[in-house]
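Engineer: Before I ask anything, let me first share the structure, which is written out below as structure tokens.
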Amino acid sequence: MKKRVMIIGFGRVGRLSFAQLFKAEDFDIITICDQTEPKWIVSLLKYDAGQGKYPLYKKFDYTDNTIWVDGKGINIYPTLDTQKILQEIKEEKIDIVIDCSKFYISKETLQKYIDAGAKNAIASDEFGSLLHLEQKKEIKELTVVTAFHETKKGEVK
């Protein structure tokens, strides 16, 4: 059975997460939470300025609250409000929440996603911070990974 996925935030990291999970056999992207209109989300997928055109997508379409990628409908939930997102996790029976919004990177927020019914909650931002929390594990087992970034030629910060 495929894991039901919600992506929160559809900036660079959200789109990269989408690209990796969309064609994966074990995952089914159900909802994208972002305040961007569906027509612009489709445009970002088609013509990503940073990643270029993603060759695995063939056909795009959209309605007021759904995007269609290669015939697969994905709900667009136009909010970044935590309470509304928690309700959506319950209603859609989401298994995995990937929060790429940069607004909620905390253990407490990930725990809220788990409490709402998600089995896994991951938060990431474009600077490489990553938090991961699994259901039935205590927060003390949370792993934090930070990537190093090149700030000046040859200088790593």
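Residue numbering restarts at 1 for every chain of the structure tokens, chains are lettered A, B, ... in their displayed order, and ligands are numbered from 1 as they appear.
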Any idea what's packed within 12 Å of Asp81 in chain A, counting only C-alpha atoms, ignoring anything in its chain fewer than 3 positions away? Could you give it as a CSV table (one decimal) with all heavy atoms, in the first residue's frame?
Structural biologist:
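Once everything was written out, this is part-v4.csv:
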```csv
chain,number,residue,atom,x,y,z
A,8,ILE,N,4.0,20.5,2.5
A,8,ILE,CA,3.7,21.8,3.0
A,8,ILE,C,4.7,22.8,2.5
A,8,ILE,O,5.9,22.6,2.8
A,8,ILE,CB,3.6,21.9,4.5
A,8,ILE,CG1,2.6,20.8,5.0
A,8,ILE,CG2,3.2,23.3,5.0
A,8,ILE,CD1,2.5,20.7,6.5
A,9,GLY,N,4.4,23.7,1.7
A,9,GLY,CA,5.3,24.7,1.1
A,9,GLY,C,5.8,24.1,-0.2
A,9,GLY,O,6.3,23.0,-0.3
A,33,CYS,N,0.1,21.8,0.4
A,33,CYS,CA,-0.4,23.0,1.2
A,33,CYS,C,0.5,24.2,0.8
A,33,CYS,O,1.7,24.2,1.1
A,33,CYS,CB,-0.3,22.8,2.7
A,33,CYS,SG,-1.4,21.5,3.2
A,34,ASP,N,-0.1,25.1,0.1
A,34,ASP,CA,0.6,26.3,-0.3
A,34,ASP,C,-0.4,27.4,-0.8
A,34,ASP,O,-1.4,27.0,-1.3
A,34,ASP,CB,1.6,26.0,-1.5
A,34,ASP,CG,2.6,27.1,-1.7
A,34,ASP,OD1,2.3,28.1,-2.3
A,34,ASP,OD2,3.8,26.9,-1.2
A,35,GLN,N,0.0,28.6,-0.5
A,35,GLN,CA,-0.9,29.7,-0.9
A,35,GLN,C,-0.8,30.1,-2.4
A,35,GLN,O,-1.6,31.0,-2.8
A,35,GLN,CB,-0.7,30.9,0.0
A,35,GLN,CG,-1.0,30.5,1.5
A,35,GLN,CD,-0.6,31.6,2.4
A,35,GLN,OE1,0.4,32.3,2.3
A,35,GLN,NE2,-1.4,31.8,3.5
A,77,TYR,N,-4.2,22.7,-1.2
A,77,TYR,CA,-4.9,23.2,0.0
A,77,TYR,C,-4.2,24.6,0.3
A,77,TYR,O,-3.1,24.6,0.7
A,77,TYR,CB,-4.7,22.2,1.2
A,77,TYR,CG,-5.6,22.4,2.4
A,77,TYR,CD1,-7.0,22.3,2.2
A,77,TYR,CD2,-5.1,22.8,3.6
A,77,TYR,CE1,-7.8,22.5,3.3
A,77,TYR,CE2,-6.0,23.0,4.7
A,77,TYR,CZ,-7.3,22.9,4.5
A,77,TYR,OH,-8.2,23.1,5.5
A,78,PRO,N,-5.0,25.7,0.1
A,78,PRO,CA,-4.3,27.0,0.0
A,78,PRO,C,-4.2,27.6,1.4
A,78,PRO,O,-4.7,28.7,1.7
A,78,PRO,CB,-5.3,27.8,-0.8
A,78,PRO,CG,-6.6,27.2,-0.5
A,78,PRO,CD,-6.4,25.7,-0.3
A,84,LYS,N,-5.5,24.3,10.4
A,84,LYS,CA,-6.2,23.8,9.2
A,84,LYS,C,-5.4,22.7,8.6
A,84,LYS,O,-6.0,21.7,8.1
A,84,LYS,CB,-6.3,25.0,8.2
A,84,LYS,CG,-7.3,26.0,8.6
A,84,LYS,CD,-7.5,27.1,7.6
A,84,LYS,CE,-8.4,28.2,8.1
A,84,LYS,NZ,-8.6,29.3,7.2
A,85,ILE,N,-4.1,22.7,8.6
A,85,ILE,CA,-3.3,21.7,8.1
A,85,ILE,C,-3.5,20.4,8.9
A,85,ILE,O,-3.6,19.3,8.4
A,85,ILE,CB,-1.8,22.1,8.0
A,85,ILE,CG1,-1.6,23.1,6.9
A,85,ILE,CG2,-0.9,20.8,7.8
A,85,ILE,CD1,-0.2,23.8,6.9
A,86,LEU,N,-3.5,20.5,10.2
A,86,LEU,CA,-3.8,19.4,11.1
A,86,LEU,C,-5.1,18.7,10.8
A,86,LEU,O,-5.2,17.5,10.8
A,86,LEU,CB,-3.7,19.8,12.6
A,86,LEU,CG,-2.4,20.3,13.1
A,86,LEU,CD1,-2.5,20.8,14.5
A,86,LEU,CD2,-1.3,19.3,13.0
A,87,GLN,N,-6.1,19.5,10.5
A,87,GLN,CA,-7.4,18.9,10.1
A,87,GLN,C,-7.3,18.2,8.8
A,87,GLN,O,-7.9,17.1,8.7
A,87,GLN,CB,-8.5,20.1,10.1
A,87,GLN,CG,-9.9,19.6,9.8
A,87,GLN,CD,-10.4,18.7,10.9
A,87,GLN,OE1,-10.1,18.9,12.1
A,87,GLN,NE2,-11.1,17.7,10.6
A,88,GLU,N,-6.6,18.8,7.9
A,88,GLU,CA,-6.4,18.1,6.6
A,88,GLU,C,-5.6,16.8,6.7
A,88,GLU,O,-6.0,15.8,6.0
A,88,GLU,CB,-5.6,19.1,5.6
A,88,GLU,CG,-5.4,18.5,4.2
A,88,GLU,CD,-6.7,18.6,3.3
A,88,GLU,OE1,-7.8,19.0,3.8
A,88,GLU,OE2,-6.6,18.2,2.2
A,101,SER,N,8.0,24.5,4.4
A,101,SER,CA,7.5,25.9,4.5
A,101,SER,C,8.5,26.8,5.1
A,101,SER,O,8.4,28.0,4.9
A,101,SER,CB,6.2,25.9,5.2
A,101,SER,OG,6.4,25.7,6.6
A,103,PHE,N,8.5,27.8,8.0
A,103,PHE,CA,7.9,28.5,9.1
A,103,PHE,C,7.8,27.6,10.3
A,103,PHE,O,7.7,28.2,11.4
A,103,PHE,CB,6.5,28.9,8.7
A,103,PHE,CG,6.5,29.9,7.5
A,103,PHE,CD1,5.9,29.5,6.3
A,103,PHE,CD2,7.1,31.1,7.6
A,103,PHE,CE1,5.9,30.4,5.2
A,103,PHE,CE2,7.1,32.0,6.5
A,103,PHE,CZ,6.5,31.6,5.3
A,104,TYR,N,7.7,26.3,10.2
A,104,TYR,CA,7.4,25.5,11.3
A,104,TYR,C,8.5,24.5,11.7
A,104,TYR,O,8.2,23.4,12.1
A,104,TYR,CB,6.1,24.7,11.0
A,104,TYR,CG,5.0,25.6,10.5
A,104,TYR,CD1,4.4,25.5,9.3
A,104,TYR,CD2,4.5,26.6,11.3
A,104,TYR,CE1,3.4,26.3,8.9
A,104,TYR,CE2,3.5,27.5,10.9
A,104,TYR,CZ,2.9,27.3,9.7
A,104,TYR,OH,1.9,28.1,9.2
A,109,THR,N,6.1,21.3,16.3
A,109,THR,CA,5.2,21.2,15.2
A,109,THR,C,5.1,19.8,14.6
A,109,THR,O,4.1,19.3,14.2
A,109,THR,CB,5.6,22.2,14.1
A,109,THR,OG1,5.6,23.5,14.7
A,109,THR,CG2,4.7,22.2,12.9
```
Engineer: Please indicate the distance in Å from CA of Arg15 in chain A to CA of Leu45 in chain A, rounded to one decimal place.
Structural biologist: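 These two atoms are separated by 7.2 Å.
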Engineer: Give the answer as one residue: which of A:Ala123, A:Leu110, A:Ile105, A:Val13 has the shortest atom-to-atom distance to Asp48 in chain A, using only C-alpha atoms?
Structural biologist: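 The answer is A:Val13, which sits nearest to Asp48 in chain A.
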Engineer: Have a look at A:Asp28, A:Asp64, A:Asp95, A:Glu37 and name the one nearest to Lys119 in chain A; count only C-alpha atoms.
Structural biologist: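 With only C-alpha atoms as the atom set, the closest residue is A:Asp95.
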Engineer: Smallest atom-to-atom distance to Ala24 in chain A: which of A:Phe10, A:Glu108, A:Thr36, A:Lys2, using only C-alpha atoms?
Structural biologist: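 Ranking A:Phe10, A:Glu108, A:Thr36, A:Lys2 by distance to Ala24 in chain A, first place goes to A:Lys2.
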